[in-house]
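Comments concern the structure below.
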Amino acid sequence: MSRVTLLALQVLVAVVCLALWQLFATVPVFGKILLPPFFFSNPVDVFSQIVKWFSSGVIWKHLGITLTESILAFVIGSLGGVLVGFWFARQPLVAAVFDPYVKMVNALPRVVLAPIFALWLGLGIWSKVALGVTLVFFIVFFNVYQGVKEVSRTVLDNGRMLGMSEGQLMRHVYWPSALSWMFSSLHTSVGFAVVGAVVGEYLGSAAGLGYLIQQAEGIFDVAGVFAGMFVLSAFVILIDFGVTLVERRLLVWRPTVDGRG
Amino acid sequence: MTTPTAVALEDAKVAFRLGDDRVYTAVEKAHLSVAQGEFVAIVGPTGCGKSTLLNVAAGLLKPAAGSIKIFGRPLAGLNRDAGYLFQADALFPWKTALDNVAIGLEIAGTPRAEALQRAQKWLTSVGLGAFANRYPHMLSGGQRKRVALAQVLIRDPKILLMDEPFGPLDAQTRQVMGNLLLDLWNADRKAVLFVTHDLEEAIALADRVVIMSAGPSSRIIGDWRVSLPRPRDIFEVRLDKEFHALHREIWSVLKDEVMKGYAQSTQAAEAI
């Protein structure tokens, strides 16, 4: 199938869905409106809400807050994950001792931590960053840990025979291997950073996309909830696209980079 | 003796402890020496411990008994005089061909610009001058071996250890690589210990061919001198009468070991 046909079909799906939504929300079928506006709103209202946010400029502040929180969560979580992952992989004893606790914390649904973080860090951005960090950290940590442990035996021996010291092995073998594993989970960890930020905002904050959605919901403004969701999706897709660009640039040496979703 | 032997294994025994505390003896009482400038090939059936012996010479494995001397000195730790060409892909996948070759110099403290310049020269001499910026996955198996060869030789090791380096390649590429190796080796005649299961390859390349018995507890059971004239061309030398005579003579010994090794490996498979 050609790209144009594919794109046309993809657009068609969106058009049909929106048209059906608009139709059932405004035109009665057998004397009954199938999607009552109170619960489902309609595409036109949702769209005008989005336009209003952008034309008045209110949305930028919220987007900026959510973006800041996501970036901070991603950077801090990744940094922590890389450091601890490296440490555990190089010190099997430490890894063995902490293993049950790592599993325990990772098994905990992170949402329950949100109230605690709000209590400790207040309603500002840091409680959301903390929530995002707990999500990002484990993904990066597990990947780096695996990456360092699964460095090919032959490549390591080759490094040694070429005369590398432990420090040089770290820099030329362990580190690139670990980074490649971290980058392979980049999409997931960036996604989780956003999830952490939005969920945190939703549960208690004064700004951000999650806050916007929660506010709209509080006054039964369904159009506002849907508008928030659409803006959020577009936001995540843009970020994901950025990640793909970064990945192409950094993982140029990997044969599988194009096959990744 | 004026010049000490490059590699001298004396009654070396190599054993591994298995998971259930039994001890598996891979090689028993191996006695082997490689003189300076000598090209020695070790041939043996699959699983006879020839790679194990090479790892002992590299210092990656310690012998359970016996001794190993490099240029007359007992080997402790890794063998710093040796370059090792591995059977499996050992290039750093995150480095370009050029960086892969330059790394050996860089870690020894050569300034990067100079290391890259010399690496480019080496890539050219293995016929890959135009492929400097390719990553290993963009190269064919034969090209990767060429890069690996340059990576090892740029450090100018006094001893070259090769573990079935051309094993994964197709027959034609193997011959081309064999000739390339001989050309490069002819330039400064390092001591070479070359492990292979291909008797023809061994005779065509080496000054001496050493045969190992089937494992476990394999021993060195034969040592032949190959007096074919040098420089050799691998394609030509195989047509030589002397080559055939030698091949027949060595094969008559090797054949029994190959059958033994084969029988053992199938029995082991049935036991599982």
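Residues in the structure tokens are named by chain (A, B, ... in the order shown) and by number from 1 within that chain; ligands are numbered from 1 in the order shown.
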Please return, as a compact mmCIF listing (two decimals) with N, CA and C atoms, in the first residue's frame, all residues of chain A lying within 9 Å of chain B when only C-alpha atoms are considered.
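For reference, iface_26.txt as written:
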```txt
# COMPACT_ATOMS: atom_id res chain seq x y z
N SER A 152 28.93 -8.79 26.11
CA SER A 152 29.45 -10.03 25.52
C SER A 152 30.81 -10.38 26.10
N ARG A 153 30.97 -11.64 26.49
CA ARG A 153 32.20 -12.17 27.07
C ARG A 153 33.38 -11.93 26.11
N THR A 154 33.14 -12.17 24.83
CA THR A 154 34.21 -12.04 23.85
C THR A 154 34.66 -10.59 23.73
N VAL A 155 33.69 -9.67 23.70
CA VAL A 155 34.04 -8.25 23.57
C VAL A 155 34.85 -7.81 24.78
N LEU A 156 34.46 -8.30 25.97
CA LEU A 156 35.20 -7.98 27.19
C LEU A 156 36.63 -8.53 27.12
N ASP A 157 36.75 -9.80 26.75
CA ASP A 157 38.08 -10.42 26.63
C ASP A 157 38.92 -9.67 25.61
N ASN A 158 38.28 -9.27 24.52
CA ASN A 158 39.00 -8.52 23.50
C ASN A 158 39.53 -7.22 24.08
N GLY A 159 38.69 -6.51 24.83
CA GLY A 159 39.13 -5.28 25.47
C GLY A 159 40.33 -5.52 26.37
N ARG A 160 40.25 -6.60 27.15
CA ARG A 160 41.36 -6.92 28.05
C ARG A 160 42.63 -7.22 27.25
N MET A 161 42.49 -8.03 26.20
CA MET A 161 43.68 -8.41 25.42
C MET A 161 44.26 -7.21 24.69
N LEU A 162 43.43 -6.20 24.40
CA LEU A 162 43.95 -4.99 23.76
C LEU A 162 44.63 -4.08 24.78
N GLY A 163 44.59 -4.51 26.03
CA GLY A 163 45.34 -3.78 27.05
C GLY A 163 44.52 -2.81 27.87
N MET A 164 43.19 -2.94 27.88
CA MET A 164 42.38 -2.00 28.64
C MET A 164 42.48 -2.26 30.14
N SER A 165 42.59 -1.17 30.91
CA SER A 165 42.51 -1.27 32.36
C SER A 165 41.04 -1.35 32.74
N GLN A 168 39.28 1.77 31.75
CA GLN A 168 39.08 1.87 30.30
C GLN A 168 37.99 0.91 29.82
N HIS A 172 34.93 2.20 27.69
CA HIS A 172 34.80 1.79 26.29
C HIS A 172 33.89 0.60 26.09
N VAL A 173 33.61 -0.17 27.15
CA VAL A 173 32.79 -1.36 26.98
C VAL A 173 31.50 -1.32 27.80
N PRO A 176 29.11 2.17 27.13
CA PRO A 176 28.30 2.20 25.90
C PRO A 176 27.24 1.10 25.86
N SER A 177 27.60 -0.06 26.40
CA SER A 177 26.63 -1.15 26.40
C SER A 177 25.42 -0.80 27.26
N SER A 180 23.24 1.85 25.62
CA SER A 180 22.42 1.37 24.51
C SER A 180 21.15 0.70 25.05
N LEU A 251 21.77 6.00 18.36
CA LEU A 251 21.92 4.56 18.19
C LEU A 251 22.22 4.19 16.74
N VAL A 252 22.96 5.08 16.07
CA VAL A 252 23.25 4.85 14.66
C VAL A 252 24.03 3.55 14.46
N TRP A 253 24.74 3.09 15.48
CA TRP A 253 25.54 1.87 15.33
C TRP A 253 24.72 0.61 15.48
N ARG A 254 23.43 0.77 15.86
CA ARG A 254 22.64 -0.44 16.10
C ARG A 254 21.84 -0.84 14.88
N PRO A 255 21.89 -2.10 14.51
CA PRO A 255 21.20 -2.53 13.29
C PRO A 255 19.68 -2.45 13.39
```
Please provide the set of residues having any atom within 9 Å of Val14 (chain B), restricted to only C-alpha atoms, with same-chain residues fewer than 3 positions apart removed, written as a PyMOL selection string.
-> chain B and resi 24-30+49+52-53+56+61-65+217
Using only C-alpha atoms, which residues sit within 10 Å of region 230-233 of chain A once same-chain residues fewer than 5 positions away are excluded, as a PyMOL selection string?
-> chain A and resi 46-47+50+59+63+66+194+198+209-210+213+224-225+238-239
How far is it from CA of Ala95 (chain A) to CA of His187 (chain A), in Å with one decimal?
-> 26.1 Å
Test item, strand (DSSP E or B) assignment across region 65-206 of chain B, answer as a ChimeraX atom specification | /B:65-70,73-74,82-85,159-163,191-196
Here CA of Arg110 (chain A) and CA of Ile139 (chain A) stand apart by 13.0 Å
What gap, in Å, lies between CA of Arg146 (chain B) and CA of Ala130 (chain B)?
-> 12.9 Å
Within 7 Å of region 223-227 of chain B, counting only C-alpha atoms, which residues show up once you throw out same-chain ones fewer than 3 positions away? Write them as an MDAnalysis selection string, please.
-> chainID B and resid 203 206:211
What does the file look like for those residues with N, CA and C atoms, as an mmCIF file, in the first residue's frame?
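Once written, selection.cif looks like this:
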```cif
data_model
loop_
_atom_site.group_PDB
_atom_site.id
_atom_site.type_symbol
_atom_site.label_atom_id
_atom_site.label_comp_id
_atom_site.auth_asym_id
_atom_site.auth_seq_id
_atom_site.Cartn_x
_atom_site.Cartn_y
_atom_site.Cartn_z
ATOM 1 N N ILE B 203 48.122 -26.627 7.130
ATOM 2 C CA ILE B 203 49.344 -26.929 6.370
ATOM 3 C C ILE B 203 49.706 -25.762 5.461
ATOM 4 N N ALA B 206 51.059 -22.780 7.969
ATOM 5 C CA ALA B 206 52.006 -22.851 9.080
ATOM 6 C C ALA B 206 53.370 -23.407 8.722
ATOM 7 N N ASP B 207 54.335 -23.171 9.661
ATOM 8 C CA ASP B 207 55.639 -23.809 9.605
ATOM 9 C C ASP B 207 55.593 -25.170 10.293
ATOM 10 N N ARG B 208 54.718 -25.248 11.301
ATOM 11 C CA ARG B 208 54.588 -26.505 12.031
ATOM 12 C C ARG B 208 53.119 -26.770 12.289
ATOM 13 N N VAL B 209 52.720 -28.033 12.190
ATOM 14 C CA VAL B 209 51.341 -28.409 12.479
ATOM 15 C C VAL B 209 51.341 -29.364 13.669
ATOM 16 N N VAL B 210 50.577 -28.994 14.694
ATOM 17 C CA VAL B 210 50.510 -29.797 15.908
ATOM 18 C C VAL B 210 49.127 -30.414 15.989
ATOM 19 N N ILE B 211 49.068 -31.728 16.261
ATOM 20 C CA ILE B 211 47.773 -32.407 16.309
ATOM 21 C C ILE B 211 47.422 -32.760 17.741
#
```
Can you list, as a tab-separated table (two decimals) with N, CA and C atoms, in the first residue's frame, every residue of region 57-236 of chain B that DSSP puts in helix (DSSP H, G or I)?
```tsv
chain	number	residue	atom	x	y	z
B	57	ALA	N	47.74	-19.53	26.76
B	57	ALA	CA	48.84	-18.72	26.22
B	57	ALA	C	48.52	-17.23	26.30
B	58	ALA	N	47.22	-16.90	26.26
B	58	ALA	CA	46.82	-15.49	26.33
B	58	ALA	C	46.79	-14.99	27.77
B	97	ALA	N	34.58	1.34	12.28
B	97	ALA	CA	35.73	0.51	11.94
B	97	ALA	C	37.02	1.23	12.33
B	98	LEU	N	37.08	2.52	12.00
B	98	LEU	CA	38.28	3.30	12.29
B	98	LEU	C	38.55	3.37	13.79
B	99	ASP	N	37.50	3.68	14.56
B	99	ASP	CA	37.67	3.77	16.02
B	99	ASP	C	38.02	2.43	16.62
B	100	ASN	N	37.46	1.35	16.05
B	100	ASN	CA	37.77	0.01	16.53
B	100	ASN	C	39.25	-0.30	16.38
B	101	VAL	N	39.84	0.16	15.29
B	101	VAL	CA	41.26	-0.12	15.05
B	101	VAL	C	42.12	0.81	15.91
B	102	ALA	N	41.66	2.07	16.05
B	102	ALA	CA	42.47	3.06	16.76
B	102	ALA	C	42.50	2.82	18.27
B	103	ILE	N	41.48	2.13	18.79
B	103	ILE	CA	41.32	2.04	20.24
B	103	ILE	C	42.54	1.44	20.93
B	104	GLY	N	43.16	0.43	20.29
B	104	GLY	CA	44.33	-0.22	20.89
B	104	GLY	C	45.46	0.77	21.16
B	105	LEU	N	45.63	1.74	20.25
B	105	LEU	CA	46.66	2.76	20.44
B	105	LEU	C	46.20	3.80	21.45
B	106	GLU	N	44.93	4.19	21.35
B	106	GLU	CA	44.42	5.24	22.23
B	106	GLU	C	44.55	4.87	23.70
B	112	ARG	N	44.91	11.01	20.03
B	112	ARG	CA	43.83	10.52	19.18
B	112	ARG	C	44.09	10.77	17.69
B	113	ALA	N	44.56	11.96	17.37
B	113	ALA	CA	44.76	12.30	15.95
B	113	ALA	C	45.74	11.33	15.31
B	114	GLU	N	46.85	11.05	16.03
B	114	GLU	CA	47.86	10.14	15.49
B	114	GLU	C	47.31	8.72	15.40
B	115	ALA	N	46.55	8.31	16.45
B	115	ALA	CA	45.97	6.96	16.46
B	115	ALA	C	45.05	6.77	15.27
B	116	LEU	N	44.23	7.79	14.98
B	116	LEU	CA	43.28	7.69	13.86
B	116	LEU	C	44.03	7.60	12.53
B	117	GLN	N	45.09	8.37	12.44
B	117	GLN	CA	45.87	8.37	11.20
B	117	GLN	C	46.47	6.99	10.94
B	118	ARG	N	47.05	6.41	12.00
B	118	ARG	CA	47.66	5.09	11.83
B	118	ARG	C	46.59	4.02	11.60
B	119	ALA	N	45.43	4.20	12.24
B	119	ALA	CA	44.34	3.24	12.06
B	119	ALA	C	43.88	3.25	10.61
B	120	GLN	N	43.81	4.46	10.03
B	120	GLN	CA	43.40	4.56	8.63
B	120	GLN	C	44.38	3.80	7.73
B	121	LYS	N	45.67	3.92	8.04
B	121	LYS	CA	46.68	3.19	7.26
B	121	LYS	C	46.45	1.68	7.36
B	122	TRP	N	46.17	1.22	8.57
B	122	TRP	CA	45.96	-0.21	8.76
B	122	TRP	C	44.71	-0.69	8.04
B	123	LEU	N	43.66	0.13	8.10
B	123	LEU	CA	42.43	-0.24	7.39
B	123	LEU	C	42.73	-0.38	5.89
B	124	THR	N	43.54	0.54	5.39
B	124	THR	CA	43.89	0.47	3.98
B	124	THR	C	44.67	-0.80	3.69
B	125	SER	N	45.58	-1.17	4.59
B	125	SER	CA	46.40	-2.35	4.30
B	125	SER	C	45.61	-3.65	4.43
B	129	GLY	N	40.11	0.62	3.33
B	129	GLY	CA	40.34	2.05	3.46
B	129	GLY	C	39.08	2.88	3.28
B	130	ALA	N	38.16	2.41	2.45
B	130	ALA	CA	36.96	3.18	2.14
B	130	ALA	C	35.83	2.92	3.13
B	131	PHE	N	36.08	2.04	4.14
B	131	PHE	CA	35.00	1.65	5.03
B	131	PHE	C	35.20	2.16	6.45
B	136	PRO	N	30.33	-1.93	12.74
B	136	PRO	CA	30.49	-3.36	12.44
B	136	PRO	C	29.27	-4.02	11.79
B	137	HIS	N	28.05	-3.64	12.22
B	137	HIS	CA	26.89	-4.33	11.65
B	137	HIS	C	26.68	-4.00	10.17
B	138	MET	N	27.37	-2.95	9.69
B	138	MET	CA	27.22	-2.60	8.27
B	138	MET	C	28.26	-3.33	7.42
B	141	GLY	N	30.84	-10.44	7.18
B	141	GLY	CA	31.64	-11.24	8.10
B	141	GLY	C	33.14	-11.15	7.79
B	142	GLY	N	33.47	-11.22	6.50
B	142	GLY	CA	34.87	-11.16	6.10
B	142	GLY	C	35.47	-9.79	6.39
B	143	GLN	N	34.69	-8.75	6.16
B	143	GLN	CA	35.18	-7.39	6.42
B	143	GLN	C	35.40	-7.17	7.92
B	144	ARG	N	34.50	-7.75	8.73
B	144	ARG	CA	34.67	-7.61	10.18
B	144	ARG	C	35.97	-8.29	10.63
B	145	LYS	N	36.29	-9.44	10.01
B	145	LYS	CA	37.54	-10.13	10.35
B	145	LYS	C	38.74	-9.28	9.97
B	146	ARG	N	38.63	-8.59	8.84
B	146	ARG	CA	39.73	-7.72	8.42
B	146	ARG	C	39.94	-6.60	9.44
B	147	VAL	N	38.81	-6.00	9.89
B	147	VAL	CA	38.93	-4.94	10.90
B	147	VAL	C	39.56	-5.51	12.17
B	148	ALA	N	39.10	-6.72	12.57
B	148	ALA	CA	39.64	-7.33	13.79
B	148	ALA	C	41.14	-7.59	13.65
B	149	LEU	N	41.55	-8.00	12.47
B	149	LEU	CA	42.97	-8.25	12.21
B	149	LEU	C	43.77	-6.96	12.36
B	150	ALA	N	43.24	-5.87	11.77
B	150	ALA	CA	43.91	-4.57	11.88
B	150	ALA	C	43.94	-4.11	13.33
B	151	GLN	N	42.84	-4.37	14.05
B	151	GLN	CA	42.73	-3.96	15.45
B	151	GLN	C	43.84	-4.61	16.29
B	152	VAL	N	44.11	-5.88	15.99
B	152	VAL	CA	45.13	-6.60	16.75
B	152	VAL	C	46.53	-6.19	16.30
B	153	LEU	N	46.74	-6.07	14.98
B	153	LEU	CA	48.09	-5.85	14.47
B	153	LEU	C	48.60	-4.43	14.70
B	171	ALA	N	34.15	-20.51	2.28
B	171	ALA	CA	35.41	-21.11	1.85
B	171	ALA	C	36.29	-20.14	1.07
B	172	GLN	N	35.70	-19.39	0.13
B	172	GLN	CA	36.51	-18.48	-0.67
B	172	GLN	C	37.08	-17.35	0.17
B	173	THR	N	36.22	-16.75	1.00
B	173	THR	CA	36.68	-15.65	1.85
B	173	THR	C	37.82	-16.12	2.76
B	174	ARG	N	37.71	-17.36	3.22
B	174	ARG	CA	38.75	-17.92	4.08
B	174	ARG	C	40.10	-17.92	3.40
B	175	GLN	N	40.10	-18.33	2.13
B	175	GLN	CA	41.36	-18.40	1.40
B	175	GLN	C	41.93	-17.00	1.18
B	176	VAL	N	41.05	-16.06	0.84
B	176	VAL	CA	41.51	-14.69	0.65
B	176	VAL	C	42.11	-14.15	1.95
B	177	MET	N	41.39	-14.43	3.06
B	177	MET	CA	41.87	-13.95	4.36
B	177	MET	C	43.19	-14.62	4.74
B	178	GLY	N	43.33	-15.91	4.39
B	178	GLY	CA	44.57	-16.63	4.67
B	178	GLY	C	45.75	-15.98	3.96
B	179	ASN	N	45.55	-15.63	2.70
B	179	ASN	CA	46.61	-14.97	1.95
B	179	ASN	C	46.94	-13.60	2.53
B	180	LEU	N	45.89	-12.87	2.93
B	180	LEU	CA	46.11	-11.55	3.54
B	180	LEU	C	46.95	-11.71	4.81
B	181	LEU	N	46.58	-12.71	5.62
B	181	LEU	CA	47.31	-12.96	6.86
B	181	LEU	C	48.78	-13.27	6.57
B	182	LEU	N	49.01	-14.14	5.57
B	182	LEU	CA	50.40	-14.49	5.24
B	182	LEU	C	51.19	-13.27	4.77
B	183	ASP	N	50.55	-12.43	3.96
B	183	ASP	CA	51.23	-11.21	3.49
B	183	ASP	C	51.64	-10.32	4.65
B	184	LEU	N	50.67	-10.10	5.57
B	184	LEU	CA	50.95	-9.21	6.69
B	184	LEU	C	52.01	-9.83	7.59
B	185	TRP	N	51.92	-11.16	7.76
B	185	TRP	CA	52.85	-11.84	8.65
B	185	TRP	C	54.26	-11.82	8.06
B	186	ASN	N	54.37	-11.94	6.75
B	186	ASN	CA	55.65	-11.95	6.07
B	186	ASN	C	56.44	-10.67	6.32
B	187	ALA	N	55.73	-9.57	6.55
B	187	ALA	CA	56.39	-8.28	6.71
B	187	ALA	C	57.30	-8.28	7.93
B	188	ASP	N	56.86	-8.87	9.06
B	188	ASP	CA	57.74	-8.82	10.24
B	188	ASP	C	57.79	-10.13	11.02
B	199	LEU	N	42.56	-28.97	8.51
B	199	LEU	CA	43.94	-29.42	8.31
B	199	LEU	C	44.59	-28.74	7.10
B	200	GLU	N	43.83	-28.61	6.02
B	200	GLU	CA	44.38	-27.98	4.82
B	200	GLU	C	44.83	-26.55	5.09
B	201	GLU	N	43.99	-25.83	5.81
B	201	GLU	CA	44.32	-24.45	6.15
B	201	GLU	C	45.60	-24.41	6.99
B	202	ALA	N	45.68	-25.35	7.94
B	202	ALA	CA	46.84	-25.40	8.82
B	202	ALA	C	48.13	-25.63	8.04
B	203	ILE	N	48.12	-26.63	7.13
B	203	ILE	CA	49.34	-26.93	6.37
B	203	ILE	C	49.71	-25.76	5.46
B	204	ALA	N	48.69	-25.17	4.83
B	204	ALA	CA	48.95	-24.08	3.88
B	204	ALA	C	49.57	-22.87	4.57
B	205	LEU	N	49.17	-22.62	5.85
B	205	LEU	CA	49.64	-21.41	6.51
B	205	LEU	C	50.94	-21.61	7.29
B	234	ILE	N	48.11	-19.45	-0.93
B	234	ILE	CA	47.26	-20.53	-0.44
B	234	ILE	C	46.58	-21.29	-1.57
B	235	PHE	N	46.24	-20.56	-2.65
B	235	PHE	CA	45.57	-21.24	-3.77
B	235	PHE	C	46.54	-22.21	-4.45
B	236	GLU	N	47.80	-21.75	-4.60
B	236	GLU	CA	48.80	-22.53	-5.32
B	236	GLU	C	49.29	-23.71	-4.50
```
May I have the residues within 10 Å of Tyr262 (chain B) as a list in words, using only C-alpha atoms and disregarding those fewer than 4 positions away in the same chain?
-> Pro45, Thr46, Gly47, Ala214, Asp256, Glu257, Val258, Thr266, Gln267 and Ala268 of chain B
Generate the output file for the selected residues, N, CA and C atoms, as a CSV table (one decimal), in the first residue's frame.
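Saved file result-v1.csv follows:
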```
chain,number,residue,atom,x,y,z
B,45,PRO,N,40.2,-32.4,16.7
B,45,PRO,CA,38.8,-32.5,16.5
B,45,PRO,C,38.0,-31.6,17.4
B,46,THR,N,36.7,-31.4,17.1
B,46,THR,CA,35.9,-30.4,17.9
B,46,THR,C,35.9,-30.9,19.4
B,47,GLY,N,36.1,-29.9,20.3
B,47,GLY,CA,36.0,-30.1,21.7
B,47,GLY,C,37.3,-30.7,22.3
B,214,ALA,N,41.4,-36.4,20.7
B,214,ALA,CA,40.1,-36.0,21.1
B,214,ALA,C,40.0,-35.9,22.6
B,256,ASP,N,41.5,-40.8,13.1
B,256,ASP,CA,41.0,-41.6,14.2
B,256,ASP,C,40.5,-40.7,15.3
B,257,GLU,N,41.2,-39.6,15.5
B,257,GLU,CA,40.8,-38.7,16.6
B,257,GLU,C,39.5,-38.1,16.3
B,258,VAL,N,39.3,-37.7,15.0
B,258,VAL,CA,38.1,-37.0,14.6
B,258,VAL,C,36.9,-38.0,14.9
B,266,THR,N,28.4,-37.6,20.1
B,266,THR,CA,27.1,-38.2,19.9
B,266,THR,C,26.6,-39.0,21.1
B,267,GLN,N,27.5,-39.7,21.7
B,267,GLN,CA,27.2,-40.4,22.9
B,267,GLN,C,26.7,-39.5,24.0
B,268,ALA,N,27.4,-38.4,24.1
B,268,ALA,CA,27.1,-37.4,25.2
B,268,ALA,C,25.7,-36.9,24.9
```
Leaving out Ser127 (chain A) and any residue of its chain fewer than 3 positions from it, which residues lie within 9 Å of it when counting only C-alpha atoms, given as a ChimeraX atom specification?
-> /A:114-124,130-132,197,200-201
